[in-house]
Amino acid sequence: MVEEADCNILFDVNNIYVSHKNTGEDINAYIENTPWNRVVEMHLAGFETREINGEEFLLDTHSRPVYDEVWRIYDQVLNQGGIIPTLIEWDSDIPEWPVLYAEMQKVNQVHHRWS
């Protein structure tokens, strides 16, 4: 579809993890089938856990630090696709600058491993 539309991809790592946890989507298949030459930006974010009708769901709220599971997937993605510009989404419950800066430093650490 991407080739036919001649468009690029925003690869949202947190959203992929949240979808995996909520639906059982195969993360590895998703990563392996991504046309990496079309990925121009990646997003990381935090999520919240909520119970809905007795079941636990993750919500992609952009209101928490990036979770370890998402960092592991991000590392795996960079191994597959190379270093790609990355944005950390944090849209609510925004913390003080040192917390945001620490998240950015984690991105730099992962990039350093693959550069």
# chains A, B, ... in the order shown; residues from 1 in each chain; ligands from 1
>>> residues_around(residues="stretch 79-96 of chain A", least_positions_apart="5", cutoff="9 Å", atoms="only C-alpha atoms", output="list in words")
Ile31, Glu32, Thr34, Pro35, Trp36, Asn37, Val39, Val40, Glu41, Met42, His43, Leu44, Ala45, Gly46, Thr61, His62, Ser63, Arg64, Pro65, Val66, Tyr74, Tyr101, Glu103, Met104, Val107, His111, Trp114 and Ser115 of chain A
>>> select_by_dssp(residues="chain A", states="helix (DSSP H, G or I)", output="ChimeraX atom specification")
/A:2-5,13-23,27-32,36-38,68-81,97-114
>>> select_by_dssp(residues="chain A", states="strand (DSSP E or B)", output="ChimeraX atom specification")
/A:9-12,39-45,48-52,55-59,86-89
>>> write_last_selection(atoms="N, CA and C atoms", output="short mmCIF file (atom, residue, chain, number, x, y, z; two decimals), in the first residue's frame")
data_model
loop_
_atom_site.label_atom_id
_atom_site.label_comp_id
_atom_site.auth_asym_id
_atom_site.auth_seq_id
_atom_site.Cartn_x
_atom_site.Cartn_y
_atom_site.Cartn_z
N ILE A 9 6.24 6.67 5.99
CA ILE A 9 5.64 6.09 7.19
C ILE A 9 6.17 6.78 8.44
N LEU A 10 5.25 7.05 9.36
CA LEU A 10 5.58 7.41 10.72
C LEU A 10 5.42 6.13 11.53
N PHE A 11 6.48 5.60 12.07
CA PHE A 11 6.48 4.33 12.80
C PHE A 11 6.34 4.63 14.29
N ASP A 12 5.17 4.36 14.84
CA ASP A 12 4.87 4.67 16.24
C ASP A 12 5.11 3.43 17.10
N VAL A 39 10.23 4.62 6.08
CA VAL A 39 10.04 5.15 7.43
C VAL A 39 10.90 6.40 7.59
N VAL A 40 10.26 7.53 7.87
CA VAL A 40 10.98 8.79 7.97
C VAL A 40 10.97 9.37 9.39
N GLU A 41 10.15 8.82 10.27
CA GLU A 41 10.09 9.30 11.65
C GLU A 41 9.55 8.19 12.54
N MET A 42 10.05 8.16 13.78
CA MET A 42 9.54 7.23 14.77
C MET A 42 9.04 8.00 15.97
N HIS A 43 8.03 7.43 16.63
CA HIS A 43 7.48 8.03 17.84
C HIS A 43 7.59 7.05 19.00
N LEU A 44 7.91 7.61 20.14
CA LEU A 44 7.93 6.88 21.41
C LEU A 44 7.01 7.62 22.37
N ALA A 45 6.41 6.91 23.30
CA ALA A 45 5.54 7.55 24.28
C ALA A 45 5.32 6.59 25.44
N GLU A 48 -0.86 4.21 29.68
CA GLU A 48 -1.50 3.93 30.97
C GLU A 48 -2.26 2.62 30.86
N THR A 49 -2.40 1.96 31.98
CA THR A 49 -3.18 0.73 32.05
C THR A 49 -4.52 1.04 32.68
N ARG A 50 -5.58 0.53 32.06
CA ARG A 50 -6.94 0.73 32.59
C ARG A 50 -7.68 -0.60 32.56
N GLU A 51 -8.55 -0.77 33.54
CA GLU A 51 -9.43 -1.93 33.53
C GLU A 51 -10.77 -1.50 32.95
N ILE A 52 -11.21 -2.23 31.93
CA ILE A 52 -12.47 -1.94 31.28
C ILE A 52 -13.26 -3.24 31.21
N GLU A 55 -11.37 -6.36 32.12
CA GLU A 55 -10.17 -6.68 31.35
C GLU A 55 -9.19 -5.52 31.40
N GLU A 56 -7.90 -5.86 31.41
CA GLU A 56 -6.86 -4.84 31.43
C GLU A 56 -6.50 -4.43 30.01
N PHE A 57 -6.50 -3.13 29.76
CA PHE A 57 -6.11 -2.58 28.46
C PHE A 57 -5.06 -1.50 28.66
N LEU A 58 -4.21 -1.35 27.66
CA LEU A 58 -3.26 -0.25 27.64
C LEU A 58 -3.84 0.86 26.78
N LEU A 59 -3.65 2.09 27.23
CA LEU A 59 -4.09 3.26 26.47
C LEU A 59 -2.88 4.10 26.11
N THR A 86 13.58 10.55 15.70
CA THR A 86 12.64 10.06 16.70
C THR A 86 12.09 11.20 17.53
N LEU A 87 10.78 11.13 17.79
CA LEU A 87 10.08 12.10 18.62
C LEU A 87 9.51 11.38 19.83
N ILE A 88 9.72 11.93 21.00
CA ILE A 88 9.06 11.41 22.20
C ILE A 88 7.80 12.25 22.40
N GLU A 89 6.66 11.56 22.34
CA GLU A 89 5.38 12.24 22.52
C GLU A 89 5.04 12.27 24.01
#
